[in-house]
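A.B. asks: Contents of data_35.cif (mmCIF, C-alpha atoms) are given next:
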data_structure
#
loop_
_atom_site.group_PDB
_atom_site.id
_atom_site.type_symbol
_atom_site.label_atom_id
_atom_site.label_comp_id
_atom_site.auth_asym_id
_atom_site.auth_seq_id
_atom_site.Cartn_x
_atom_site.Cartn_y
_atom_site.Cartn_z
ATOM 1 C CA MET J 24 -1.429 36.130 -3.195
ATOM 2 C CA GLN J 25 -4.654 36.218 -1.236
ATOM 3 C CA PRO J 26 -7.173 33.633 -2.559
ATOM 4 C CA ASP J 27 -10.548 35.309 -3.115
ATOM 5 C CA ASP J 28 -14.082 33.909 -2.842
ATOM 6 C CA THR J 29 -13.981 32.361 -6.330
ATOM 7 C CA ASP J 30 -10.694 30.599 -5.563
ATOM 8 C CA ARG J 31 -12.079 29.278 -2.308
ATOM 9 C CA ARG J 32 -15.266 28.093 -3.970
ATOM 10 C CA LEU J 33 -13.249 26.186 -6.579
ATOM 11 C CA LEU J 34 -11.085 24.582 -3.909
ATOM 12 C CA ARG J 35 -14.083 23.744 -1.745
ATOM 13 C CA HIS J 36 -15.775 21.831 -4.575
ATOM 14 C CA TRP J 37 -12.570 20.204 -5.750
ATOM 15 C CA GLN J 38 -11.488 18.973 -2.331
ATOM 16 C CA SER J 39 -14.928 17.503 -1.692
ATOM 17 C CA ASP J 40 -14.675 15.554 -4.973
ATOM 18 C CA PRO J 41 -11.091 15.266 -6.271
ATOM 19 C CA ASP J 42 -12.212 13.129 -9.246
ATOM 20 C CA LEU J 43 -14.201 15.987 -10.800
ATOM 21 C CA SER J 44 -13.316 16.973 -14.348
ATOM 22 C CA MET J 45 -12.362 20.586 -14.943
ATOM 23 C CA ALA J 46 -15.686 21.224 -16.733
ATOM 24 C CA ASP J 47 -17.769 19.813 -13.866
ATOM 25 C CA LEU J 48 -15.704 21.651 -11.297
ATOM 26 C CA ALA J 49 -16.161 24.957 -13.133
ATOM 27 C CA GLU J 50 -19.898 24.368 -13.410
ATOM 28 C CA ARG J 51 -20.294 23.608 -9.703
ATOM 29 C CA ALA J 52 -18.289 26.669 -8.767
ATOM 30 C CA GLY J 53 -20.370 28.784 -11.155
ATOM 31 C CA VAL J 54 -17.513 29.997 -13.358
ATOM 32 C CA SER J 55 -16.458 29.311 -16.945
ATOM 33 C CA ALA J 56 -13.973 26.524 -17.634
ATOM 34 C CA SER J 57 -11.333 29.011 -18.739
ATOM 35 C CA VAL J 58 -11.681 31.048 -15.526
ATOM 36 C CA ALA J 59 -11.457 27.852 -13.466
ATOM 37 C CA TRP J 60 -8.383 26.703 -15.370
ATOM 38 C CA ARG J 61 -6.650 30.079 -14.983
ATOM 39 C CA ARG J 62 -7.408 30.307 -11.248
ATOM 40 C CA LEU J 63 -6.258 26.753 -10.500
ATOM 41 C CA GLU J 64 -3.127 27.170 -12.604
ATOM 42 C CA LYS J 65 -2.244 30.316 -10.652
ATOM 43 C CA MET J 66 -2.797 28.595 -7.315
ATOM 44 C CA ARG J 67 -0.690 25.685 -8.479
ATOM 45 C CA ARG J 68 2.131 28.021 -9.487
ATOM 46 C CA GLU J 69 2.001 29.773 -6.148
ATOM 47 C CA GLY J 70 2.028 26.548 -4.192
ATOM 48 C CA VAL J 71 -1.494 26.879 -2.741
ATOM 49 C CA ILE J 72 -2.343 23.647 -4.570
ATOM 50 C CA GLY J 73 0.287 20.959 -4.020
ATOM 51 C CA GLY J 74 -1.312 18.382 -6.283
ATOM 52 C CA VAL J 75 -3.641 15.407 -6.122
ATOM 53 C CA ARG J 76 -2.523 12.177 -4.534
ATOM 54 C CA ALA J 77 -3.938 8.689 -4.236
ATOM 55 C CA ARG J 78 -4.890 7.549 -0.779
ATOM 56 C CA VAL J 79 -3.466 4.129 0.120
ATOM 57 C CA ASN J 80 -5.597 1.884 2.317
ATOM 58 C CA TRP J 81 -2.940 0.026 4.291
ATOM 59 C CA ARG J 82 -5.433 -2.367 5.825
ATOM 60 C CA ALA J 83 -6.394 -3.596 2.341
ATOM 61 C CA LEU J 84 -2.685 -4.103 1.681
ATOM 62 C CA GLY J 85 -2.450 -6.417 4.678
ATOM 63 C CA TYR J 86 -1.238 -3.945 7.293
ATOM 64 C CA ALA J 87 -3.796 -4.558 10.025
ATOM 65 C CA VAL J 88 -1.880 -2.825 12.807
ATOM 66 C CA GLN J 89 -1.338 0.920 12.985
ATOM 67 C CA VAL J 90 0.293 2.497 16.012
ATOM 68 C CA SER J 91 0.995 6.127 16.849
ATOM 69 C CA LEU J 92 4.238 6.378 18.756
ATOM 70 C CA ARG J 93 4.490 9.612 20.712
ATOM 71 C CA ILE J 94 8.073 10.337 21.525
ATOM 72 C CA THR J 95 9.885 12.741 23.818
ATOM 73 C CA LEU J 96 13.521 13.366 22.928
ATOM 74 C CA GLU J 97 16.575 14.098 25.069
ATOM 75 C CA LYS J 98 16.767 17.831 24.570
ATOM 76 C CA THR J 99 20.176 18.225 26.190
ATOM 77 C CA ASN J 100 21.704 17.235 22.869
ATOM 78 C CA PRO J 101 21.200 19.990 20.254
ATOM 79 C CA ARG J 102 21.452 17.436 17.425
ATOM 80 C CA ALA J 103 18.838 15.126 18.961
ATOM 81 C CA PHE J 104 15.958 16.177 16.678
ATOM 82 C CA ASP J 105 17.911 16.003 13.439
ATOM 83 C CA GLU J 106 19.604 12.718 14.226
ATOM 84 C CA PHE J 107 16.371 11.135 15.352
ATOM 85 C CA LEU J 108 14.473 12.257 12.237
ATOM 86 C CA VAL J 109 17.177 11.094 9.827
ATOM 87 C CA ALA J 110 17.150 7.635 11.413
ATOM 88 C CA ALA J 111 13.332 7.409 11.648
ATOM 89 C CA ARG J 112 12.947 8.173 7.918
ATOM 90 C CA THR J 113 14.875 5.024 7.040
ATOM 91 C CA ILE J 114 12.358 2.679 8.716
ATOM 92 C CA PRO J 115 10.067 1.472 5.895
ATOM 93 C CA GLU J 116 7.145 0.768 8.260
ATOM 94 C CA VAL J 117 7.007 4.451 9.316
ATOM 95 C CA ASN J 118 4.571 6.255 7.025
ATOM 96 C CA GLU J 119 4.072 9.560 8.845
ATOM 97 C CA LEU J 120 6.392 11.717 10.827
ATOM 98 C CA GLN J 121 5.375 14.876 12.661
ATOM 99 C CA THR J 122 7.127 17.237 15.037
ATOM 100 C CA PHE J 123 5.287 19.176 17.736
ATOM 101 C CA LEU J 124 5.409 21.947 20.233
ATOM 102 C CA GLY J 125 3.947 20.477 23.408
ATOM 103 C CA ARG J 126 4.462 17.573 25.746
ATOM 104 C CA VAL J 127 5.245 15.303 22.798
ATOM 105 C CA ASP J 128 8.180 16.149 20.494
ATOM 106 C CA VAL J 129 7.682 13.709 17.640
ATOM 107 C CA ARG J 130 5.018 11.318 16.473
ATOM 108 C CA LEU J 131 5.621 8.369 14.197
ATOM 109 C CA SER J 132 2.877 6.382 12.559
ATOM 110 C CA VAL J 133 4.017 2.761 12.321
ATOM 111 C CA LEU J 134 2.362 0.118 10.115
ATOM 112 C CA ALA J 135 2.628 -3.621 10.714
ATOM 113 C CA ARG J 136 1.002 -6.765 9.331
ATOM 114 C CA ASP J 137 0.119 -8.136 12.773
ATOM 115 C CA MET J 138 1.177 -7.821 16.401
ATOM 116 C CA GLY J 139 4.146 -10.130 15.878
ATOM 117 C CA HIS J 140 5.423 -7.968 13.065
ATOM 118 C CA TYR J 141 4.793 -4.834 15.125
ATOM 119 C CA GLN J 142 6.785 -6.243 18.019
ATOM 120 C CA GLN J 143 9.655 -7.006 15.663
ATOM 121 C CA VAL J 144 9.647 -3.479 14.163
ATOM 122 C CA TYR J 145 9.349 -1.966 17.635
ATOM 123 C CA ARG J 146 12.202 -3.919 19.161
ATOM 124 C CA GLU J 147 14.604 -4.002 16.259
ATOM 125 C CA GLN J 148 14.054 -0.618 14.661
ATOM 126 C CA ILE J 149 12.152 1.822 16.871
ATOM 127 C CA LEU J 150 14.008 1.147 20.108
ATOM 128 C CA SER J 151 17.348 1.568 18.373
ATOM 129 C CA LEU J 152 16.484 5.119 17.228
ATOM 130 C CA PRO J 153 18.787 7.695 18.852
ATOM 131 C CA HIS J 154 17.936 10.152 21.675
ATOM 132 C CA ILE J 155 14.580 8.744 22.832
ATOM 133 C CA ALA J 156 13.819 9.931 26.377
ATOM 134 C CA ASP J 157 10.265 8.645 26.601
ATOM 135 C CA LEU J 158 7.829 6.869 24.334
ATOM 136 C CA GLU J 159 4.164 5.961 24.504
ATOM 137 C CA ALA J 160 1.947 4.127 22.084
ATOM 138 C CA LEU J 161 -1.607 4.740 20.931
ATOM 139 C CA MET J 162 -2.999 1.820 19.017
ATOM 140 C CA HIS J 163 -5.331 2.705 16.188
ATOM 141 C CA VAL J 164 -8.754 1.051 16.594
ATOM 142 C CA ALA J 165 -10.934 2.798 14.033
ATOM 143 C CA GLU J 166 -11.026 5.766 11.745
ATOM 144 C CA ILE J 167 -14.130 7.796 12.543
ATOM 145 C CA LYS J 168 -13.440 10.764 10.282
ATOM 146 C CA ASN J 169 -10.691 11.314 7.763
ATOM 147 C CA ASN J 170 -11.185 14.406 5.750
ATOM 148 C CA THR J 171 -8.078 16.351 4.973
ATOM 149 C CA ALA J 172 -10.319 19.062 3.493
ATOM 150 C CA LEU J 173 -9.925 22.546 4.930
ATOM 151 C CA PRO J 174 -13.004 24.419 6.222
ATOM 152 C CA LEU J 175 -12.791 26.999 3.421
ATOM 153 C CA MET I 30 -6.325 -10.139 -0.425
ATOM 154 C CA ILE I 31 -4.706 -9.791 -3.849
ATOM 155 C CA GLU I 32 -1.038 -10.478 -4.501
ATOM 156 C CA LEU I 33 0.974 -7.454 -5.543
ATOM 157 C CA ASP I 34 4.238 -7.548 -7.414
ATOM 158 C CA GLU I 35 7.026 -5.020 -7.499
ATOM 159 C CA ILE I 36 5.467 -3.033 -10.346
ATOM 160 C CA ASP I 37 2.200 -2.650 -8.393
ATOM 161 C CA HIS I 38 4.195 -1.289 -5.487
ATOM 162 C CA LYS I 39 5.967 1.185 -7.751
ATOM 163 C CA LEU I 40 2.656 2.298 -9.241
ATOM 164 C CA LEU I 41 1.164 2.816 -5.785
ATOM 165 C CA ARG I 42 4.168 4.791 -4.683
ATOM 166 C CA ALA I 43 3.987 6.989 -7.782
ATOM 167 C CA LEU I 44 0.218 7.585 -7.504
ATOM 168 C CA ALA I 45 0.453 8.380 -3.783
ATOM 169 C CA GLN I 46 2.760 11.221 -4.790
ATOM 170 C CA ASP I 47 0.906 12.402 -7.876
ATOM 171 C CA ALA I 48 -2.397 10.838 -8.868
ATOM 172 C CA THR I 49 -2.757 13.009 -11.964
ATOM 173 C CA GLN I 50 -0.140 11.011 -13.910
ATOM 174 C CA SER I 51 -1.703 9.242 -16.878
ATOM 175 C CA ALA I 52 -1.553 5.480 -17.348
ATOM 176 C CA GLY I 53 0.506 6.124 -20.467
ATOM 177 C CA ALA I 54 3.143 8.184 -18.644
ATOM 178 C CA LEU I 55 3.348 5.717 -15.754
ATOM 179 C CA GLY I 56 3.581 2.813 -18.187
ATOM 180 C CA ARG I 57 6.527 4.385 -19.985
ATOM 181 C CA GLN I 58 8.238 4.890 -16.632
ATOM 182 C CA PHE I 59 7.807 1.259 -15.585
ATOM 183 C CA GLY I 60 8.087 -0.458 -18.966
ATOM 184 C CA LEU I 61 4.387 -1.341 -19.406
ATOM 185 C CA SER I 62 1.885 -0.634 -22.147
ATOM 186 C CA GLN I 63 -0.807 1.953 -21.452
ATOM 187 C CA PRO I 64 -3.643 -0.662 -21.255
ATOM 188 C CA ALA I 65 -1.584 -2.920 -18.969
ATOM 189 C CA THR I 66 -0.910 0.002 -16.636
ATOM 190 C CA TRP I 67 -4.561 1.006 -16.670
ATOM 191 C CA ARG I 68 -5.581 -2.590 -15.777
ATOM 192 C CA ARG I 69 -3.198 -2.640 -12.839
ATOM 193 C CA ILE I 70 -4.465 0.697 -11.490
ATOM 194 C CA ASP I 71 -8.056 -0.455 -11.944
ATOM 195 C CA ARG I 72 -7.266 -3.642 -10.014
ATOM 196 C CA LEU I 73 -5.713 -1.645 -7.150
ATOM 197 C CA GLU I 74 -8.819 0.517 -7.001
ATOM 198 C CA LYS I 75 -11.244 -2.418 -7.112
ATOM 199 C CA ALA I 76 -9.334 -4.159 -4.308
ATOM 200 C CA GLY I 77 -9.730 -0.989 -2.221
ATOM 201 C CA ILE I 78 -5.963 -0.541 -1.965
ATOM 202 C CA ILE I 79 -6.345 2.851 -3.597
ATOM 203 C CA SER I 80 -9.280 4.136 -1.587
ATOM 204 C CA GLY I 81 -9.632 7.475 -3.329
ATOM 205 C CA ARG I 82 -7.831 10.624 -4.239
ATOM 206 C CA GLU I 83 -7.238 13.769 -2.234
ATOM 207 C CA LEU I 84 -6.353 17.315 -3.050
ATOM 208 C CA VAL I 85 -3.199 18.553 -1.345
ATOM 209 C CA LEU I 86 -3.504 22.172 -0.251
ATOM 210 C CA ASP I 87 -1.103 24.439 1.578
ATOM 211 C CA ALA I 88 -3.146 25.197 4.708
ATOM 212 C CA GLU I 89 -0.980 28.122 5.717
ATOM 213 C CA LYS I 90 -1.329 29.882 2.360
ATOM 214 C CA LEU I 91 -5.103 29.550 2.703
ATOM 215 C CA GLY I 92 -5.102 31.227 6.101
ATOM 216 C CA PHE I 93 -4.970 28.177 8.363
ATOM 217 C CA GLY I 94 -1.754 28.866 10.209
ATOM 218 C CA VAL I 95 -2.229 26.404 13.056
ATOM 219 C CA THR I 96 -2.712 22.641 13.147
ATOM 220 C CA VAL I 97 -3.105 20.976 16.526
ATOM 221 C CA PHE I 98 -3.303 17.319 17.449
ATOM 222 C CA LEU I 99 -5.511 16.639 20.440
ATOM 223 C CA GLY I 100 -5.593 13.583 22.637
ATOM 224 C CA VAL I 101 -9.037 13.341 24.212
ATOM 225 C CA LYS I 102 -10.079 11.151 27.082
ATOM 226 C CA LEU I 103 -13.738 10.476 27.657
ATOM 227 C CA ALA I 104 -15.026 11.260 31.135
ATOM 228 C CA THR I 105 -17.773 8.673 30.912
ATOM 229 C CA LYS I 106 -17.649 5.506 28.890
ATOM 230 C CA GLY I 107 -20.320 3.338 27.448
ATOM 231 C CA ARG I 108 -21.638 2.551 24.019
ATOM 232 C CA VAL I 109 -23.999 5.486 23.903
ATOM 233 C CA SER I 110 -21.414 8.030 25.003
ATOM 234 C CA LEU I 111 -18.938 6.835 22.357
ATOM 235 C CA GLN I 112 -21.534 7.252 19.619
ATOM 236 C CA ASP I 113 -22.651 10.653 20.881
ATOM 237 C CA PHE I 114 -19.094 11.843 21.089
ATOM 238 C CA GLU I 115 -18.161 10.535 17.655
ATOM 239 C CA ARG I 116 -21.176 12.050 15.971
ATOM 240 C CA ALA I 117 -20.693 15.449 17.595
ATOM 241 C CA VAL I 118 -16.941 15.645 17.058
ATOM 242 C CA SER I 119 -17.187 14.597 13.389
ATOM 243 C CA ALA I 120 -19.583 17.478 12.726
ATOM 244 C CA ILE I 121 -17.030 20.143 13.685
ATOM 245 C CA PRO I 122 -15.589 21.499 10.399
ATOM 246 C CA GLU I 123 -12.215 22.398 11.940
ATOM 247 C CA VAL I 124 -11.753 18.764 13.032
ATOM 248 C CA GLN I 125 -10.172 17.001 10.058
ATOM 249 C CA THR I 126 -9.508 13.568 11.464
ATOM 250 C CA VAL I 127 -10.941 11.559 14.331
ATOM 251 C CA GLU I 128 -9.312 8.290 15.298
ATOM 252 C CA HIS I 129 -10.502 5.945 17.989
ATOM 253 C CA VAL I 130 -7.351 4.757 19.772
ATOM 254 C CA LEU I 131 -6.282 2.523 22.633
ATOM 255 C CA GLY I 132 -3.838 3.851 25.176
ATOM 256 C CA LEU I 133 -3.475 7.026 27.193
ATOM 257 C CA TYR I 134 -6.336 8.646 25.234
ATOM 258 C CA ASP I 135 -9.545 7.438 23.679
ATOM 259 C CA TYR I 136 -9.507 9.684 20.608
ATOM 260 C CA ARG I 137 -6.942 11.455 18.555
ATOM 261 C CA LEU I 138 -8.091 14.546 16.645
ATOM 262 C CA ARG I 139 -6.460 16.725 14.056
ATOM 263 C CA VAL I 140 -7.730 20.296 14.214
ATOM 264 C CA VAL I 141 -6.990 23.240 11.901
ATOM 265 C CA ALA I 142 -7.441 26.862 12.903
ATOM 266 C CA ARG I 143 -6.570 30.302 11.557
ATOM 267 C CA ASP I 144 -4.280 31.108 14.492
ATOM 268 C CA LEU I 145 -3.845 30.265 18.176
ATOM 269 C CA SER I 146 -6.725 32.426 19.346
ATOM 270 C CA ASP I 147 -9.000 30.846 16.745
ATOM 271 C CA PHE I 148 -7.810 27.446 17.994
ATOM 272 C CA GLU I 149 -8.638 28.476 21.561
ATOM 273 C CA ARG I 150 -12.160 29.370 20.443
ATOM 274 C CA VAL I 151 -12.620 25.962 18.749
ATOM 275 C CA LEU I 152 -11.198 24.174 21.788
ATOM 276 C CA ARG I 153 -13.311 25.984 24.389
ATOM 277 C CA ARG I 154 -16.574 26.369 22.548
ATOM 278 C CA ARG I 155 -16.693 23.194 20.495
ATOM 279 C CA ILE I 156 -14.377 20.523 21.823
ATOM 280 C CA MET I 157 -14.504 20.974 25.594
ATOM 281 C CA THR I 158 -18.295 21.118 25.352
ATOM 282 C CA LEU I 159 -18.580 17.778 23.497
ATOM 283 C CA PRO I 160 -20.705 15.155 25.243
ATOM 284 C CA GLY I 161 -18.452 13.051 27.452
ATOM 285 C CA ALA I 162 -15.202 14.931 26.773
ATOM 286 C CA GLY I 163 -12.753 14.683 29.661
ATOM 287 C CA ASP I 164 -8.993 15.352 29.709
ATOM 288 C CA VAL I 165 -7.561 16.977 26.595
ATOM 289 C CA GLU I 166 -3.907 17.217 25.615
ATOM 290 C CA ALA I 167 -2.844 19.549 22.813
ATOM 291 C CA ASN I 168 0.315 19.409 20.719
ATOM 292 C CA VAL I 169 0.875 22.098 18.095
ATOM 293 C CA LEU I 170 2.156 20.761 14.765
ATOM 294 C CA LEU I 171 5.522 22.187 13.716
ATOM 295 C CA SER I 172 6.357 20.024 10.717
ATOM 296 C CA GLU I 173 4.962 17.036 8.917
ATOM 297 C CA GLU I 174 6.275 14.475 6.427
ATOM 298 C CA ASN I 175 4.303 11.824 4.623
ATOM 299 C CA LEU I 176 6.594 8.924 3.796
ATOM 300 C CA PRO I 177 5.894 6.191 1.206
ATOM 301 C CA GLY I 178 5.554 3.533 3.908
ATOM 302 C CA PRO I 179 6.295 -0.161 3.329
ATOM 303 C CA LEU I 180 6.201 -0.127 -0.490
ATOM 304 C CA HIS I 181 9.042 -1.483 -2.577
ATOM 305 C CA HIS I 182 10.905 0.915 -4.759
ATOM 306 C CA GLY I 183 13.652 0.697 -7.272
#
Written as structure tokens, that's how I'd like the structure from this file.
C.D. replies:
Amino acid sequence: MQPDDTDRRLLRHWQSDPDLSMADLAERAGVSASVAWRRLEKMRREGVIGGVRARVNWRALGYAVQVSLRITLEKTNPRAFDEFLVAARTIPEVNELQTFLGRVDVRLSVLARDMGHYQQVYREQILSLPHIADLEALMHVAEIKNNTALPL
Amino acid sequence: MIELDEIDHKLLRALAQDATQSAGALGRQFGLSQPATWRRIDRLEKAGIISGRELVLDAEKLGFGVTVFLGVKLATKGRVSLQDFERAVSAIPEVQTVEHVLGLYDYRLRVVARDLSDFERVLRRRIMTLPGAGDVEANVLLSEENLPGPLHHG
């Protein structure tokens, strides 16, 4: 399926205001409610729309520290990626996990209540992950822009 | 900061996966009445713990085949250059997230593009020309998982 201009217009309005009701969304996109419903239902079925999720503000939950750990793995072991990822998923403080093509192989986003807690997670859980060749940390200072919207 | 119990954690975890679930359906799942569930969700929103909702789209199916994370170092530092950089970089539609970080780089950006040549265009024409931009490191995203994070489950 190739989304057309109407589909894109619906998605553009919806992603800029995910709380919109179907009627308001249809009105903004300039289509009838039944057309909007049919289009969105089709895109949902085809996996273009994955759903709507709540955004959790970890800072408000008491997690003041967020660190991006950029990790290079030992690539001599063909199982390195899989074994590393399986182990990383079990650390509760890891809330994002990405793999890359580039100088960095994997990035983990790690949440901690304070620096003491971070140090504990880092020493006891991160450093015991398998196959780490190199690791560097970027400490999150501020979020300047966070808009997962696509430039449709 | 408000105290959360295990049920709040379960609600958060469920809503972070699917925010379209009704208070009634969530209540049945966790053994609460519909009004009690609604009150808990309302409390999480008022405390800013749920900061909003977002639509999850499949970028690739919409023609954005490439996502790149960039580490950007500023060539010149100072209050004015940070502000200029932040304002200019936030205005680029292909740049989805901008984080100010401490470490090897000053900023971490998430950039979407149609393909690698489109990414090259964004990088050369828009990012390298930003006020104060210095060294840039690019890593192309291969896979991504969002995990629940430190929330209780059961």
A.B. asks: So which residues touch Met66 of chain J within 12 Å, counting only C-alpha atoms, skipping near sequence neighbours fewer than 2 positions away, as a list in words?
C.D. replies: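 Counting only the stated atoms, we get Met24, Gln25, Pro26, Asp27, Thr29, Asp30, Arg31, Leu33, Leu34, Ala59, Trp60, Arg61, Arg62, Leu63, Glu64, Arg68, Glu69, Gly70, Val71, Ile72, Gly73 and Gly74 of chain J; Val85, Leu86, Asp87, Lys90 and Leu91 of chain I.
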A.B. asks: Counting all atoms listed in the file, what are the residues of chain I within 6 Å of chain J, and for each of them which pair of atoms is the nearest and at what distance in Å, to one decimal? Sort the table by chain and rising number, as a Markdown table.
C.D. replies:
| residue | atom | partner | partner_atom | distance |
| --- | --- | --- | --- | --- |
| I:Leu44 | CA | J:Ala77 | CA | 5.4 |
| I:Ala45 | CA | J:Ala77 | CA | 4.4 |
| I:Gln46 | CA | J:Arg76 | CA | 5.4 |
| I:Asp47 | CA | J:Arg76 | CA | 4.8 |
| I:Ala48 | CA | J:Arg76 | CA | 4.5 |
| I:Ile78 | CA | J:Asn80 | CA | 4.9 |
| I:Ile79 | CA | J:Val79 | CA | 4.9 |
| I:Ser80 | CA | J:Arg78 | CA | 5.6 |
| I:Gly81 | CA | J:Arg78 | CA | 5.4 |
| I:Arg82 | CA | J:Ala77 | CA | 4.3 |
| I:Glu83 | CA | J:Arg76 | CA | 5.5 |
| I:Leu84 | CA | J:Val75 | CA | 4.5 |
| I:Val85 | CA | J:Gly73 | CA | 5.0 |
| I:Leu86 | CA | J:Ile72 | CA | 4.7 |
| I:Asp87 | CA | J:Val71 | CA | 5.0 |
| I:Lys90 | CA | J:Val71 | CA | 5.9 |
| I:Pro122 | CA | J:Pro174 | CA | 5.7 |
| I:Gln125 | CA | J:Asn170 | CA | 5.1 |
| I:Thr126 | CA | J:Asn169 | CA | 4.5 |
| I:Val127 | CA | J:Lys168 | CA | 4.8 |
| I:Glu128 | CA | J:Glu166 | CA | 4.7 |
| I:His129 | CA | J:Ala165 | CA | 5.1 |
| I:Val130 | CA | J:His163 | CA | 4.6 |
| I:Leu131 | CA | J:Met162 | CA | 4.9 |
| I:Gly132 | CA | J:Leu161 | CA | 4.9 |
| I:Asn168 | CA | J:Gly125 | CA | 4.6 |
| I:Val169 | CA | J:Leu124 | CA | 5.0 |
| I:Leu170 | CA | J:Phe123 | CA | 4.6 |
| I:Leu171 | CA | J:Phe123 | CA | 5.0 |
| I:Ser172 | CA | J:Thr122 | CA | 5.2 |
| I:Glu173 | CA | J:Gln121 | CA | 4.3 |
| I:Glu174 | CA | J:Leu120 | CA | 5.2 |
| I:Asn175 | CA | J:Glu119 | CA | 4.8 |
| I:Leu176 | CA | J:Asn118 | CA | 4.7 |
| I:Pro177 | CA | J:Asn118 | CA | 6.0 |
| I:Gly178 | CA | J:Asn118 | CA | 4.3 |
| I:Pro179 | CA | J:Pro115 | CA | 4.8 |
A.B. asks: Name the closest residue to Leu158 of chain J among the candidates J:Tyr145, J:Pro101, J:Val109, J:Asp137; distances are taken between atoms, counting all atoms listed in the file.
C.D. replies: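 Selected residue with least distance to Leu158 of chain J: J:Tyr145.
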A.B. asks: I'd like the residues picked by the PyMOL selection byres ((chain I and resi 134-146) around 7) written out as a tab-separated table (two decimals) with C-alpha atoms, keeping the file's coordinate frame, using the chain letters and numbers from the file.
C.D. replies:
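So the final result, stored in result14.tsv, reads:
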chain	number	residue	atom	x	y	z
I	92	GLY	CA	-5.10	31.23	6.10
I	93	PHE	CA	-4.97	28.18	8.36
I	94	GLY	CA	-1.75	28.87	10.21
I	95	VAL	CA	-2.23	26.40	13.06
I	96	THR	CA	-2.71	22.64	13.15
I	97	VAL	CA	-3.10	20.98	16.53
I	98	PHE	CA	-3.30	17.32	17.45
I	99	LEU	CA	-5.51	16.64	20.44
I	100	GLY	CA	-5.59	13.58	22.64
I	101	VAL	CA	-9.04	13.34	24.21
I	102	LYS	CA	-10.08	11.15	27.08
I	103	LEU	CA	-13.74	10.48	27.66
I	123	GLU	CA	-12.22	22.40	11.94
I	124	VAL	CA	-11.75	18.76	13.03
I	125	GLN	CA	-10.17	17.00	10.06
I	126	THR	CA	-9.51	13.57	11.46
I	127	VAL	CA	-10.94	11.56	14.33
I	128	GLU	CA	-9.31	8.29	15.30
I	129	HIS	CA	-10.50	5.94	17.99
I	130	VAL	CA	-7.35	4.76	19.77
I	131	LEU	CA	-6.28	2.52	22.63
I	132	GLY	CA	-3.84	3.85	25.18
I	133	LEU	CA	-3.48	7.03	27.19
I	147	ASP	CA	-9.00	30.85	16.74
I	148	PHE	CA	-7.81	27.45	17.99
I	149	GLU	CA	-8.64	28.48	21.56
I	150	ARG	CA	-12.16	29.37	20.44
A.B. asks: Calculate how many Å separate atom CA of Glu32 of chain I from atom CA of Arg72 of chain I, rounding to one decimal.
C.D. replies: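 Atom-to-atom, atom CA of Glu32 of chain I and atom CA of Arg72 of chain I are spaced 10.8 Å apart.
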A.B. asks: For Arg42 of chain I, which residue out of I:Ile70, I:Ala65, I:Arg154, I:Val118 is the nearest one, using only C-alpha atoms?
C.D. replies: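 The answer is I:Ile70, which sits nearest to Arg42 of chain I.
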A.B. asks: Expressed in Å to a single decimal, how great is the separation between atom CA of His181 of chain I and atom CA of His38 of chain I?
C.D. replies: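 If I compute the distance from atom CA of His181 of chain I to atom CA of His38 of chain I, I get 5.7 Å.
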A.B. asks: Taking all atoms of segment 125-133 of chain I that appear in the file, build a box with edges along x, y and z, extend it by 4 Å on every side, and state its centre and edge lengths in Å to one decimal, as lines of an AutoDock Vina configuration file.
C.D. replies:
center_x = -7.2
center_y = 9.8
center_z = 18.6
size_x = 15.5
size_y = 22.5
size_z = 25.1
A.B. asks: Quick one: pull the distance between atom CA of Met138 of chain J and atom CA of Leu180 of chain I, Å, one decimal.
C.D. replies: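 Separating atom CA of Met138 of chain J from atom CA of Leu180 of chain I is a distance of 19.2 Å.
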A.B. asks: Find the spatial neighbours of Leu48 of chain J, counting only C-alpha atoms, within a cut-off of 8 Å - ignore same-chain residues fewer than 2 positions away - and output them as a PyMOL selection string.
C.D. replies: chain J and resi 33+36-37+43-46+50-52+59
A.B. asks: May I have the selected residues written with C-alpha atoms, as a CSV table (one decimal), keeping the file's coordinate frame?
C.D. replies:
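Writing the result to out-v4.csv gives the following:
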chain,number,residue,atom,x,y,z
J,33,LEU,CA,-13.2,26.2,-6.6
J,36,HIS,CA,-15.8,21.8,-4.6
J,37,TRP,CA,-12.6,20.2,-5.8
J,43,LEU,CA,-14.2,16.0,-10.8
J,44,SER,CA,-13.3,17.0,-14.3
J,45,MET,CA,-12.4,20.6,-14.9
J,46,ALA,CA,-15.7,21.2,-16.7
J,50,GLU,CA,-19.9,24.4,-13.4
J,51,ARG,CA,-20.3,23.6,-9.7
J,52,ALA,CA,-18.3,26.7,-8.8
J,59,ALA,CA,-11.5,27.9,-13.5
A.B. asks: Do you know which residues lie at most 12 Å from (5.5, 0.6, -15.4), with coordinates as in the file and all atoms listed in the file counted, and could you write them as a VMD selection string?
C.D. replies: chain I and resid 34 to 44 50 to 70 182 to 183
A.B. asks: Of the candidates J:Asp105, J:Asp47, J:Val88, J:Lys98, which one gets nearest to Gln142 of chain J if we count all atoms listed in the file?
C.D. replies: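 Once distances to Gln142 of chain J are computed over all atoms listed in the file, the minimum belongs to J:Val88.
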A.B. asks: Taking only C-alpha atoms into account, name the residue in I:Leu152, I:Ala104, I:Val165, I:Met30 that is nearest to Leu73 of chain I.
C.D. replies: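 Looking at the shortest contact to Leu73 of chain I, the residue is I:Met30.
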A.B. asks: Which residue out of J:Asp28, J:Arg35, J:Ile149, J:Gln143 has the minimum interatomic distance to Arg93 of chain J when only C-alpha atoms are used?
C.D. replies: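 Result for the nearest residue to Arg93 of chain J: J:Ile149.
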